[in-house]
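Data file: work-v3.txt. Format and content: compact mmCIF, C-alpha atoms.
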```txt
# COMPACT_ATOMS: atom_id res chain seq x y z
CA MET A 966 10.73 39.51 5.19
CA SER A 967 8.38 39.65 8.13
CA GLU A 968 6.85 36.36 7.05
CA GLU A 969 10.24 34.70 6.97
CA LYS A 970 10.90 35.82 10.52
CA LYS A 971 7.59 34.42 11.67
CA GLU A 972 8.42 31.07 10.11
CA LYS A 973 11.80 30.99 11.77
CA LYS A 974 10.21 31.63 15.12
CA ALA A 975 7.68 28.88 14.40
CA ILE A 976 10.41 26.31 13.76
CA PHE A 977 11.46 26.41 17.38
CA SER A 978 8.06 26.42 19.01
CA ALA A 979 7.38 23.38 21.16
CA LYS A 980 4.16 22.53 19.36
CA ASN A 981 5.85 22.28 16.00
CA ARG A 982 8.66 20.18 17.38
CA LYS A 983 6.01 17.77 18.63
CA LEU A 984 4.54 17.54 15.14
CA LEU A 985 7.89 16.38 13.90
CA ILE A 986 8.81 14.02 16.74
CA ASN A 987 5.54 12.39 17.81
CA PRO A 988 5.12 10.30 14.63
CA LEU A 989 8.53 8.76 15.22
CA HIS A 990 7.35 6.86 18.25
CA LYS A 991 4.08 7.46 20.06
CA ASP A 992 2.03 8.31 17.01
CA ASN A 993 3.89 6.17 14.49
CA PRO A 994 1.96 5.79 11.22
CA ILE A 995 2.71 2.07 10.89
CA THR A 996 2.70 0.67 14.41
CA THR A 997 0.05 2.91 16.00
CA GLN A 998 -2.08 4.50 13.30
CA VAL A 999 -1.99 1.35 11.10
CA LEU A 1000 -1.58 3.33 7.89
CA GLY A 1001 0.43 2.63 4.79
CA ILE A 1002 1.25 -0.99 5.50
CA CYS A 1003 0.55 -2.22 2.00
CA SER A 1004 3.57 -0.67 0.37
CA ALA A 1005 5.71 -0.71 3.50
CA LEU A 1006 6.14 -4.46 3.58
CA ALA A 1007 6.61 -5.27 -0.05
CA VAL A 1008 9.71 -3.15 -0.65
CA THR A 1009 11.73 -4.17 2.39
CA ALA A 1010 13.70 -7.15 1.05
CA LYS A 1011 16.72 -4.84 0.60
CA VAL A 1012 17.73 -1.56 2.26
CA LYS A 1013 18.21 0.39 -0.96
CA PRO A 1014 14.67 0.14 -2.38
CA ALA A 1015 13.29 0.76 1.12
CA PHE A 1016 15.32 3.97 1.31
CA VAL A 1017 14.20 5.12 -2.13
CA MET A 1018 10.59 4.32 -1.21
CA THR A 1019 10.92 6.39 1.98
CA LEU A 1020 12.25 9.36 0.03
CA SER A 1021 9.41 9.09 -2.51
CA VAL A 1022 6.75 8.94 0.19
CA MET A 1023 8.41 11.84 1.98
CA ALA A 1024 8.34 14.00 -1.14
CA VAL A 1025 4.71 13.18 -1.95
CA LEU A 1026 3.51 13.54 1.62
CA ALA A 1027 5.29 16.81 2.46
CA ILE A 1028 4.51 18.58 -0.81
CA GLY A 1029 0.98 17.18 -0.96
CA ASN A 1030 0.27 18.27 2.59
CA VAL A 1031 1.35 21.82 1.72
CA ILE A 1032 -0.76 21.91 -1.46
CA ILE A 1033 -3.88 20.58 0.27
CA SER A 1034 -3.33 22.94 3.17
CA ILE A 1035 -3.12 25.93 0.83
CA LEU A 1036 -6.24 24.81 -1.01
CA ARG A 1037 -8.13 23.73 2.10
CA ASN A 1038 -10.56 26.64 2.19
CA GLY A 1039 -11.37 26.33 -1.51
CA ILE A 1040 -12.14 22.61 -1.64
CA PRO A 1041 -15.86 21.78 -1.43
CA PRO A 1042 -16.17 19.02 1.18
CA ARG A 1043 -18.27 16.81 -1.11
CA ILE A 1044 -15.62 16.31 -3.75
CA ARG A 1045 -12.58 16.52 -1.52
CA ILE A 1046 -11.61 12.87 -2.06
CA ILE A 1047 -11.35 13.36 -5.81
CA VAL A 1048 -9.34 16.58 -5.34
CA GLN A 1049 -6.99 14.81 -2.96
CA LEU A 1050 -6.58 11.88 -5.32
CA VAL A 1051 -5.73 14.18 -8.22
CA VAL A 1052 -3.09 16.02 -6.17
CA ILE A 1053 -1.55 12.73 -5.03
CA ALA A 1054 -1.65 11.16 -8.48
CA ALA A 1055 0.03 14.17 -10.08
CA LEU A 1056 2.81 14.16 -7.48
CA VAL A 1057 3.30 10.40 -7.79
CA ILE A 1058 3.62 10.67 -11.57
CA LEU A 1059 6.38 13.25 -11.03
CA VAL A 1060 8.19 11.00 -8.54
CA ASP A 1061 7.83 8.00 -10.85
CA GLN A 1062 9.32 9.86 -13.81
CA VAL A 1063 12.22 11.15 -11.68
CA LEU A 1064 12.96 7.62 -10.42
CA LYS A 1065 12.82 6.21 -13.95
CA ALA A 1066 15.24 8.88 -15.13
CA PHE A 1067 17.85 8.70 -12.37
CA VAL A 1068 17.68 5.30 -10.63
CA PHE A 1069 16.18 3.01 -13.24
CA ASP A 1070 17.23 -0.26 -11.62
CA VAL A 1071 15.59 0.63 -8.30
CA SER A 1072 12.50 1.83 -10.12
CA LYS A 1073 12.27 -1.61 -11.80
CA GLN A 1074 12.61 -3.31 -8.40
CA LEU A 1075 9.85 -1.21 -6.87
CA SER A 1076 7.64 -1.99 -9.92
CA VAL A 1077 4.01 -1.21 -9.18
CA PHE A 1078 4.66 -0.03 -5.65
CA VAL A 1079 5.59 3.48 -6.75
CA GLY A 1080 2.17 3.74 -8.34
CA LEU A 1081 0.64 2.36 -5.19
CA ILE A 1082 1.83 5.40 -3.23
CA ILE A 1083 -1.41 6.89 -4.62
CA THR A 1084 -3.50 4.56 -2.53
CA ASN A 1085 -1.08 4.57 0.38
CA CYS A 1086 -3.35 5.29 3.31
CA ILE A 1087 -0.73 7.41 5.09
CA ILE A 1088 -1.09 10.12 2.49
CA MET A 1089 -4.89 10.20 2.34
CA GLY A 1090 -4.98 9.80 6.11
CA ARG A 1091 -2.73 12.77 6.82
CA PHE A 1092 -4.54 14.92 4.23
CA GLU A 1093 -7.85 14.18 5.91
CA ALA A 1094 -6.67 14.32 9.49
CA PHE A 1095 -4.21 17.18 9.35
CA ALA A 1096 -3.76 19.20 6.18
CA MET A 1097 -7.48 19.94 5.75
CA ALA A 1098 -7.49 21.78 9.09
CA ASN A 1099 -4.04 23.32 9.48
CA LYS A 1100 -1.72 25.97 8.03
CA PRO A 1101 0.84 25.10 5.32
CA TRP A 1102 3.96 25.25 7.52
CA GLU A 1103 2.52 22.97 10.20
CA SER A 1104 1.25 20.62 7.51
CA PHE A 1105 4.71 20.49 5.99
CA LEU A 1106 6.22 19.52 9.35
CA ASP A 1107 3.50 16.96 9.94
CA GLY A 1108 4.16 15.45 6.52
CA LEU A 1109 7.90 15.24 7.17
CA GLY A 1110 7.40 13.77 10.63
CA ASN A 1111 5.04 11.07 9.43
CA ALA A 1112 7.30 10.21 6.52
CA PHE A 1113 10.21 9.83 8.96
CA GLY A 1114 8.09 7.63 11.22
CA TYR A 1115 7.16 5.49 8.21
CA GLY A 1116 10.75 5.47 6.98
CA TRP A 1117 12.52 4.28 10.09
CA ILE A 1118 10.27 1.23 10.39
CA LEU A 1119 10.85 0.46 6.72
CA ILE A 1120 14.61 0.75 7.06
CA VAL A 1121 14.79 -1.30 10.27
CA VAL A 1122 12.73 -4.09 8.67
CA ALA A 1123 14.82 -3.93 5.49
CA PHE A 1124 18.05 -3.96 7.50
CA PHE A 1125 17.19 -7.20 9.28
CA ARG A 1126 15.83 -8.86 6.17
CA GLU A 1127 18.83 -7.98 4.02
CA PHE A 1128 21.42 -8.69 6.72
CA LEU A 1129 20.07 -12.09 7.73
CA GLY A 1130 18.63 -13.03 4.35
CA SER A 1131 21.32 -12.04 1.87
CA GLY A 1132 24.24 -11.29 4.19
CA THR A 1133 24.64 -7.80 2.75
CA ILE A 1134 23.86 -4.24 3.80
CA TRP A 1135 23.16 -1.76 1.02
CA ASP A 1136 24.55 -4.41 -1.38
CA TYR A 1137 27.85 -4.47 0.55
CA PRO A 1138 28.75 -8.09 1.36
CA VAL A 1139 29.22 -7.78 5.13
CA MET A 1140 29.00 -11.47 5.93
CA GLU A 1141 31.51 -12.35 3.23
CA LYS A 1142 34.01 -9.76 4.49
CA LEU A 1143 33.65 -11.08 8.02
CA GLY A 1144 34.50 -14.49 6.62
CA VAL A 1145 31.76 -16.32 8.51
CA TYR A 1146 30.91 -18.47 5.47
CA SER A 1147 34.11 -20.45 5.94
CA PHE A 1148 32.82 -21.49 9.39
CA GLY A 1149 29.76 -23.01 7.77
CA TYR A 1150 27.38 -20.02 8.19
CA GLU A 1151 24.51 -19.99 5.71
CA ASN A 1152 22.18 -17.15 4.79
CA ASN A 1153 18.66 -17.59 6.05
CA GLY A 1154 16.77 -17.50 2.76
CA PHE A 1155 13.53 -17.45 4.69
CA MET A 1156 14.05 -13.79 5.62
CA ILE A 1157 13.75 -12.69 2.00
CA LEU A 1158 10.31 -14.23 1.64
CA PRO A 1159 7.39 -11.80 2.06
CA PRO A 1160 5.79 -13.28 5.23
CA MET A 1161 8.87 -12.55 7.32
CA ALA A 1162 8.33 -8.81 6.85
CA LEU A 1163 5.00 -9.14 8.67
CA ILE A 1164 6.56 -11.06 11.51
CA ILE A 1165 9.38 -8.50 11.92
CA VAL A 1166 6.84 -5.67 12.08
CA GLY A 1167 4.92 -7.71 14.65
CA VAL A 1168 8.09 -7.99 16.73
CA ILE A 1169 8.76 -4.24 16.41
CA ILE A 1170 5.24 -3.58 17.70
CA TRP A 1171 5.87 -5.99 20.55
CA VAL A 1172 9.10 -4.23 21.58
CA GLN A 1173 7.58 -0.77 21.24
CA ARG A 1174 4.50 -1.62 23.29
CA SER A 1175 6.36 -3.38 26.04
CA LYS A 1176 8.46 -0.23 26.47
CA ASP A 1177 5.49 2.11 26.38
CA LYS A 1178 2.59 0.54 28.27
CA THR A 1179 0.16 3.30 27.26
CA LEU A 1180 0.04 1.90 23.73
CA ILE A 1181 -1.28 -1.52 24.79
CA GLU A 1182 -4.75 -2.23 23.39
CA GLU A 1183 -7.75 -2.94 25.60
CA LYS A 1184 -8.95 -6.47 25.61
CA MET B 559 -10.68 -22.00 -21.61
CA GLN B 560 -8.14 -23.96 -19.61
CA GLU B 561 -5.78 -21.00 -19.80
CA LEU B 562 -8.38 -18.71 -18.26
CA PHE B 563 -8.95 -21.18 -15.46
CA ASN B 564 -5.20 -21.37 -14.87
CA ILE B 565 -4.96 -17.59 -14.52
CA PHE B 566 -7.92 -17.64 -12.15
CA VAL B 567 -6.44 -20.30 -9.86
CA LYS B 568 -2.99 -18.76 -10.05
CA SER B 569 -4.23 -15.35 -8.93
CA ILE B 570 -6.18 -16.85 -6.02
CA PHE B 571 -3.50 -19.05 -4.51
CA ILE B 572 -0.03 -18.45 -5.92
CA ASP B 573 -0.14 -14.69 -6.50
CA ASN B 574 -2.51 -13.99 -3.62
CA MET B 575 -2.98 -10.22 -3.28
CA VAL B 576 -2.60 -10.20 0.50
CA PHE B 577 -0.01 -12.86 1.20
CA ALA B 578 2.28 -12.50 -1.79
CA TYR B 579 2.10 -8.75 -2.45
CA PHE B 580 0.69 -7.19 0.75
CA LEU B 581 -1.96 -5.30 -1.17
CA GLY B 582 -5.10 -4.16 0.57
CA MET B 583 -3.39 -4.55 3.94
CA CYS B 584 -4.92 -1.43 5.47
CA SER B 585 -8.51 -2.53 5.11
CA TYR B 586 -7.46 -6.13 5.70
CA LEU B 587 -6.24 -5.20 9.18
CA ALA B 588 -8.92 -2.64 9.96
CA VAL B 589 -12.04 -4.56 8.94
CA SER B 590 -11.13 -8.11 9.97
CA LYS B 591 -12.53 -8.00 13.50
CA THR B 592 -15.61 -10.12 12.71
CA VAL B 593 -16.38 -12.60 9.95
CA LYS B 594 -19.60 -10.85 8.95
CA THR B 595 -18.12 -7.46 8.10
CA SER B 596 -15.09 -8.99 6.44
CA MET B 597 -17.41 -11.04 4.23
CA GLY B 598 -19.07 -7.79 3.12
CA LEU B 599 -15.77 -6.11 2.33
CA GLY B 600 -14.44 -9.20 0.56
CA LEU B 601 -17.50 -9.47 -1.69
CA ALA B 602 -17.30 -5.77 -2.54
CA VAL B 603 -13.65 -6.17 -3.52
CA VAL B 604 -14.42 -9.16 -5.79
CA PHE B 605 -17.18 -7.14 -7.41
CA VAL B 606 -15.13 -4.00 -8.03
CA LEU B 607 -11.97 -5.83 -9.16
CA GLY B 608 -14.03 -7.88 -11.60
CA ILE B 609 -15.26 -4.64 -13.20
CA THR B 610 -12.29 -2.27 -13.00
CA VAL B 611 -9.59 -4.61 -14.27
CA PRO B 612 -11.26 -5.25 -17.67
CA VAL B 613 -12.20 -1.57 -18.02
CA ASP B 614 -8.64 -0.52 -17.27
CA TYR B 615 -7.47 -3.20 -19.70
CA LEU B 616 -9.46 -1.50 -22.46
CA MET B 617 -8.12 1.91 -21.40
CA ASN B 618 -4.59 0.58 -21.53
CA LYS B 619 -5.03 -1.13 -24.89
CA TYR B 620 -6.87 1.59 -26.78
CA LEU B 621 -5.67 4.77 -25.08
CA LEU B 622 -2.49 4.57 -23.06
CA SER B 623 0.15 2.12 -24.29
CA GLU B 624 2.53 2.89 -27.12
CA GLY B 625 0.81 2.98 -30.50
CA ALA B 626 -2.56 2.43 -28.84
CA LEU B 627 -4.08 5.48 -30.50
CA SER B 628 -3.42 4.24 -34.03
CA TRP B 629 -7.07 3.19 -34.35
CA LEU B 630 -7.87 6.92 -34.39
CA SER B 631 -5.45 7.82 -37.12
CA PRO B 632 -2.11 6.34 -38.28
CA GLU B 633 -0.28 9.54 -37.30
CA PHE B 634 -0.58 8.62 -33.62
CA ALA B 635 1.28 5.33 -34.00
CA THR B 636 4.26 6.58 -31.98
CA VAL B 637 2.35 8.33 -29.20
CA ASP B 638 3.01 6.78 -25.80
CA LEU B 639 0.74 8.00 -23.03
CA SER B 640 1.61 5.32 -20.49
CA PHE B 641 2.96 7.90 -18.00
CA LEU B 642 -0.65 8.98 -17.56
CA SER B 643 -1.78 5.53 -16.51
CA PHE B 644 -1.80 6.21 -12.74
CA ILE B 645 -4.15 9.15 -13.02
CA MET B 646 -6.36 7.40 -15.60
CA PHE B 647 -6.63 4.21 -13.57
CA ILE B 648 -7.46 5.98 -10.34
CA ALA B 649 -10.08 8.07 -12.14
CA VAL B 650 -11.64 4.93 -13.63
CA ILE B 651 -11.63 3.23 -10.24
CA ALA B 652 -13.17 6.19 -8.42
CA SER B 653 -15.90 6.64 -11.00
CA MET B 654 -16.56 2.89 -11.32
CA VAL B 655 -16.96 2.60 -7.56
CA GLN B 656 -19.44 5.48 -7.64
CA LEU B 657 -21.33 3.90 -10.54
CA VAL B 658 -21.40 0.45 -8.99
CA GLU B 659 -22.67 1.98 -5.77
CA MET B 660 -25.55 3.70 -7.57
CA ILE B 661 -26.48 0.59 -9.59
CA VAL B 662 -26.39 -1.68 -6.56
CA GLU B 663 -28.46 0.78 -4.55
CA LYS B 664 -31.09 0.89 -7.29
CA PHE B 665 -31.35 -2.77 -8.25
CA ALA B 666 -30.17 -4.73 -5.21
CA PRO B 667 -30.98 -2.78 -2.06
CA VAL B 668 -30.40 -5.83 0.14
CA LEU B 669 -26.87 -6.24 -1.12
CA TYR B 670 -26.38 -2.48 -0.85
CA ASN B 671 -27.35 -2.49 2.80
CA SER B 672 -25.05 -5.39 3.57
CA LEU B 673 -22.07 -3.79 1.81
CA GLY B 674 -22.82 -0.46 3.48
CA ILE B 675 -19.82 1.81 3.96
CA PHE B 676 -17.38 -0.59 2.33
CA LEU B 677 -18.22 0.28 -1.25
CA PRO B 678 -17.01 3.91 -1.18
CA LEU B 679 -13.99 2.94 0.91
CA ILE B 680 -12.84 0.58 -1.80
CA ALA B 681 -11.78 3.45 -4.06
CA VAL B 682 -8.70 3.86 -1.88
CA ASN B 683 -7.98 0.16 -1.38
CA CYS B 684 -4.53 -0.63 -2.73
CA ALA B 685 -5.66 -4.04 -3.97
CA ILE B 686 -7.89 -2.43 -6.60
CA LEU B 687 -5.29 -0.11 -8.09
CA GLY B 688 -2.69 -2.86 -7.65
CA GLY B 689 -4.87 -5.22 -9.71
CA SER B 690 -4.92 -2.76 -12.60
CA LEU B 691 -1.19 -2.05 -12.37
CA PHE B 692 -0.29 -5.75 -12.31
CA MET B 693 -2.60 -6.29 -15.27
CA GLN B 694 -0.64 -3.61 -17.15
CA GLU B 695 2.73 -4.99 -16.10
CA ARG B 696 1.97 -8.62 -16.98
CA GLU B 697 0.57 -7.72 -20.42
CA TYR B 698 -2.43 -10.03 -20.62
CA GLU B 699 -3.42 -10.72 -24.19
CA THR B 700 -7.21 -10.72 -24.17
CA ILE B 701 -9.88 -9.03 -22.11
CA TRP B 702 -11.01 -12.45 -20.85
CA GLN B 703 -7.62 -13.12 -19.34
CA ALA B 704 -7.71 -9.72 -17.65
CA THR B 705 -11.20 -10.40 -16.30
CA SER B 706 -10.30 -13.79 -14.90
CA PHE B 707 -7.21 -12.25 -13.30
CA GLY B 708 -9.35 -9.53 -11.70
CA LEU B 709 -11.95 -11.95 -10.37
CA GLY B 710 -9.28 -14.36 -9.13
CA SER B 711 -7.44 -11.64 -7.23
CA GLY B 712 -10.70 -10.57 -5.64
CA VAL B 713 -11.52 -14.12 -4.53
CA GLY B 714 -7.99 -14.44 -3.12
CA PHE B 715 -8.56 -11.30 -1.03
CA LEU B 716 -11.95 -12.62 0.13
CA LEU B 717 -10.38 -15.90 1.22
CA ALA B 718 -7.58 -14.15 3.10
CA ILE B 719 -9.81 -11.69 4.96
CA ILE B 720 -12.35 -14.34 6.00
CA GLY B 721 -9.52 -16.55 7.24
CA ILE B 722 -7.95 -13.86 9.40
CA ALA B 723 -11.35 -12.72 10.72
CA ALA B 724 -12.22 -16.26 11.82
CA ILE B 725 -8.87 -16.61 13.60
CA ARG B 726 -9.25 -13.21 15.29
CA GLU B 727 -12.71 -14.14 16.56
CA LYS B 728 -11.25 -17.23 18.21
CA ILE B 729 -8.05 -15.65 19.50
CA ARG B 730 -10.05 -13.28 21.68
CA TYR B 731 -10.41 -16.17 24.14
CA SER B 732 -6.71 -16.91 24.38
CA ASN B 733 -4.15 -15.30 26.61
CA VAL B 734 -2.00 -13.22 24.27
CA PRO B 735 0.95 -11.30 25.82
CA ALA B 736 -0.33 -7.79 26.56
CA PRO B 737 2.00 -5.81 24.25
CA LEU B 738 1.09 -8.07 21.33
CA ARG B 739 -2.65 -7.78 21.87
CA GLY B 740 -4.65 -6.63 18.86
CA LEU B 741 -2.38 -5.38 16.12
CA GLY B 742 0.83 -7.20 16.95
CA ILE B 743 -0.58 -10.69 17.02
CA THR B 744 -2.58 -10.00 13.86
CA PHE B 745 0.64 -9.17 12.02
CA ILE B 746 2.29 -12.36 13.20
CA ILE B 747 -0.72 -14.52 12.34
CA THR B 748 -0.84 -12.98 8.88
CA GLY B 749 2.84 -13.82 8.47
CA LEU B 750 2.19 -17.43 9.44
CA MET B 751 -0.76 -17.62 7.04
CA GLY B 752 1.53 -16.21 4.35
CA ILE B 753 4.05 -18.97 5.02
CA ALA B 754 1.26 -21.53 4.68
CA PHE B 755 0.17 -19.99 1.38
CA MET B 756 3.72 -20.20 0.08
CA SER B 757 3.35 -23.94 -0.20
CA PHE B 758 1.28 -23.21 -3.31
CA LEU B 759 4.38 -21.77 -4.98
CA GLY B 760 5.42 -25.23 -6.11
CA ILE B 761 2.34 -25.62 -8.30
CA LYS B 762 3.13 -25.13 -11.96
CA LEU B 763 0.26 -23.87 -14.09
```
Is it possible to give me this structure as structure tokens?
Amino acid sequence: MSEEKKEKKAIFSAKNRKLLINPLHKDNPITTQVLGICSALAVTAKVKPAFVMTLSVMAVLAIGNVIISILRNGIPPRIRIIVQLVVIAALVILVDQVLKAFVFDVSKQLSVFVGLIITNCIIMGRFEAFAMANKPWESFLDGLGNAFGYGWILIVVAFFREFLGSGTIWDYPVMEKLGVYSFGYENNGFMILPPMALIIVGVIIWVQRSKDKTLIEEK
Amino acid sequence: MQELFNIFVKSIFIDNMVFAYFLGMCSYLAVSKTVKTSMGLGLAVVFVLGITVPVDYLMNKYLLSEGALSWLSPEFATVDLSFLSFIMFIAVIASMVQLVEMIVEKFAPVLYNSLGIFLPLIAVNCAILGGSLFMQEREYETIWQATSFGLGSGVGFLLAIIGIAAIREKIRYSNVPAPLRGLGITFIITGLMGIAFMSFLGIKL
């Protein structure tokens, strides 16, 4: 009981709120820390797979962070990479089986990229940088925060690519309902192609850094 | 023989790891500041992909896929262990990287010094695990096909990372808008290079 109270108090402390909010903007895993780009770009042709991918990464990152944080004093530093990989791989297998059981079509669309969560640098990066040195509850918040920061970029990129490329949002034919096709509007097939994801992320970085000058890199 | 060559060329240009699938992006962005270091990383990736893909092919064929264990005894003909493939592949990759590192250190110290820190880092490069997973998904028939796919993907990565490093060395002298400096412009250049590589899509092999 006393532990529960402590946790409740901790939820509202300013430091913990920072853990949750900082990765959304200033400390964003994709645009500032440059982690986890590999899988982020490949699944963003449509909003739905991007959303499922975000949930999977969130589950693996939050639970993995807690596990590593609980084990942190028992892991010999020399073999910590192997231990971390085993924890991640076990969690990813669970996520993969759940996806195959409940959303098979999305799981087919994501193909190898579910497996590639294992080598997603966000997860290893947060384990190394945060969970190895902090308590389970803080690690859990850090995991959630970073997954949210990863997720919103994914969903913004997917939104633009699906809206401009296929004229749909979450498979709902927006452009068709608006009736713009009868005026001669055509979908921009270019947006579906992989390179456009990179350019959209580049533009997001541009917007973010022009708003927040502190993030601009030295020459 | 021609088929092997086709797979090799296809995995370099048409199915390029970086431009078509975004694999290995993290190290691609982090290590592409100069041509020299990116050459080291690229060579290490070719090396490791050329070894791990055929080894994982054997694992998949004789251990993991459905009915693969029937060489042990006919009772196992229905056993399907493919859900274990992630953990098996990553274990093979991690141990292969360790092994390759020790062998290179012993027999080719010059190469070892030039590869330096990149060899251990490769264990967590998505391109390596991605190579094995694509090999499993595309169901190559012989070990030679798997090997030529692995080597081809590695060479594709090498080509991509040397290209971006050369451009980044030159772009330092141009006047990039301040918020785009560094990471932003690298993303956009990679996108443009990807568009250029898409012209290979028309090639039928």
Review point. Could you pull the residues within 10 Å of stretch 610-625 of chain B, counting only C-alpha atoms, minus those fewer than 2 positions along the same chain, as JSON, numbers by chain?
Key: {"B": [605, 606, 607, 608, 627, 628, 629, 630, 632, 633, 634, 635, 636, 637, 638, 639, 640, 641, 642, 643, 646, 647, 648, 650, 651, 652, 653, 654, 655, 686, 687, 688, 689, 690, 691, 692, 693, 694, 697, 698, 699, 700, 701, 702, 703, 704, 705, 706, 707, 708, 709]}
Between chain A and chain B, at 8 Å or less, what are the per-residue closest atom pairs and their distances in Å? Count only C-alpha atoms, order by chain and rising residue number, and return it as JSON lines.
```
{"residue": "A:Val999", "atom": "CA", "partner": "B:Cys584", "partner_atom": "CA", "distance": 6.9}
{"residue": "A:Leu1000", "atom": "CA", "partner": "B:Cys584", "partner_atom": "CA", "distance": 6.3}
{"residue": "A:Gly1001", "atom": "CA", "partner": "B:Cys584", "partner_atom": "CA", "distance": 6.8}
{"residue": "A:Ile1002", "atom": "CA", "partner": "B:Met583", "partner_atom": "CA", "distance": 6.1}
{"residue": "A:Cys1003", "atom": "CA", "partner": "B:Met583", "partner_atom": "CA", "distance": 5.0}
{"residue": "A:Ser1004", "atom": "CA", "partner": "B:Phe580", "partner_atom": "CA", "distance": 7.1}
{"residue": "A:Leu1006", "atom": "CA", "partner": "B:Phe580", "partner_atom": "CA", "distance": 6.7}
{"residue": "A:Ala1007", "atom": "CA", "partner": "B:Tyr579", "partner_atom": "CA", "distance": 6.2}
{"residue": "A:Ile1047", "atom": "CA", "partner": "B:Ala652", "partner_atom": "CA", "distance": 7.8}
{"residue": "A:Leu1050", "atom": "CA", "partner": "B:Ile648", "partner_atom": "CA", "distance": 7.8}
{"residue": "A:Val1051", "atom": "CA", "partner": "B:Ile645", "partner_atom": "CA", "distance": 7.1}
{"residue": "A:Ala1054", "atom": "CA", "partner": "B:Ile645", "partner_atom": "CA", "distance": 5.6}
{"residue": "A:Ala1055", "atom": "CA", "partner": "B:Ile645", "partner_atom": "CA", "distance": 7.2}
{"residue": "A:Ile1058", "atom": "CA", "partner": "B:Phe641", "partner_atom": "CA", "distance": 7.0}
{"residue": "A:Gln1062", "atom": "CA", "partner": "B:Phe641", "partner_atom": "CA", "distance": 7.9}
{"residue": "A:Val1077", "atom": "CA", "partner": "B:Leu691", "partner_atom": "CA", "distance": 6.2}
{"residue": "A:Gly1080", "atom": "CA", "partner": "B:Phe644", "partner_atom": "CA", "distance": 6.4}
{"residue": "A:Leu1081", "atom": "CA", "partner": "B:Cys684", "partner_atom": "CA", "distance": 6.5}
{"residue": "A:Thr1084", "atom": "CA", "partner": "B:Val682", "partner_atom": "CA", "distance": 5.3}
{"residue": "A:Asn1085", "atom": "CA", "partner": "B:Cys684", "partner_atom": "CA", "distance": 7.0}
{"residue": "A:Cys1086", "atom": "CA", "partner": "B:Cys584", "partner_atom": "CA", "distance": 7.2}
{"residue": "A:Pro1159", "atom": "CA", "partner": "B:Ala578", "partner_atom": "CA", "distance": 6.4}
{"residue": "A:Pro1160", "atom": "CA", "partner": "B:Gly749", "partner_atom": "CA", "distance": 4.4}
{"residue": "A:Met1161", "atom": "CA", "partner": "B:Gly749", "partner_atom": "CA", "distance": 6.3}
{"residue": "A:Ala1162", "atom": "CA", "partner": "B:Gly749", "partner_atom": "CA", "distance": 7.6}
{"residue": "A:Leu1163", "atom": "CA", "partner": "B:Gly749", "partner_atom": "CA", "distance": 5.2}
{"residue": "A:Ile1164", "atom": "CA", "partner": "B:Ile746", "partner_atom": "CA", "distance": 4.8}
{"residue": "A:Val1166", "atom": "CA", "partner": "B:Phe745", "partner_atom": "CA", "distance": 7.1}
{"residue": "A:Gly1167", "atom": "CA", "partner": "B:Gly742", "partner_atom": "CA", "distance": 4.7}
{"residue": "A:Val1168", "atom": "CA", "partner": "B:Gly742", "partner_atom": "CA", "distance": 7.3}
{"residue": "A:Ile1170", "atom": "CA", "partner": "B:Gly742", "partner_atom": "CA", "distance": 5.8}
{"residue": "A:Trp1171", "atom": "CA", "partner": "B:Leu738", "partner_atom": "CA", "distance": 5.3}
{"residue": "A:Val1172", "atom": "CA", "partner": "B:Pro737", "partner_atom": "CA", "distance": 7.7}
{"residue": "A:Arg1174", "atom": "CA", "partner": "B:Pro737", "partner_atom": "CA", "distance": 5.0}
{"residue": "A:Ser1175", "atom": "CA", "partner": "B:Pro737", "partner_atom": "CA", "distance": 5.3}
{"residue": "A:Lys1178", "atom": "CA", "partner": "B:Pro737", "partner_atom": "CA", "distance": 7.5}
{"residue": "A:Leu1180", "atom": "CA", "partner": "B:Pro737", "partner_atom": "CA", "distance": 8.0}
{"residue": "A:Ile1181", "atom": "CA", "partner": "B:Pro737", "partner_atom": "CA", "distance": 5.4}
{"residue": "A:Glu1182", "atom": "CA", "partner": "B:Arg739", "partner_atom": "CA", "distance": 6.1}
{"residue": "A:Glu1183", "atom": "CA", "partner": "B:Arg739", "partner_atom": "CA", "distance": 8.0}
{"residue": "A:Lys1184", "atom": "CA", "partner": "B:Arg739", "partner_atom": "CA", "distance": 7.4}
```
Point to revise | Selection near stretch 1120-1126 of chain A, 12 Å with all atoms listed in the file, sequence-local residues under 4 positions removed, as a PyMOL selection string | key: chain A and resi 995+1005-1020+1112-1116+1130-1136+1152-1170
Review point. How many Å lie between atom CA of A:Val1031 and atom CA of A:Ala1098, rounded to one decimal?
Key: 11.5 Å
Point to revise | Distance in Å - atom CA of A:Pro994 versus atom CA of B:Met575 | key: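 Between these atoms lies a distance of 22.2 Å.
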Would you compute an axis-aligned box for stretch 1087-1105 of chain A, covering every atom listed for it in the file with 8 Å of margin on each side, and report centre and edge lengths in Å to one decimal as lines of an AutoDock Vina configuration file?
```
center_x = -1.6
center_y = 16.7
center_z = 6.3
size_x = 28.6
size_y = 34.6
size_z = 23.9
```
Check your understanding: When you draw a straight line from atom CA of A:Asp1061 to atom CA of A:Val1079, how long is it in Å?
Key ->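 Rounded to one decimal, the two atoms are 6.5 Å apart.
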Check your understanding: Nearest to A:Pro988: which of A:Leu1059, A:Ala1094, A:Leu1109, A:Ile1032 is it, counting all atoms listed in the file?
Key ->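 Of all the options, A:Leu1109 lies closest to A:Pro988.
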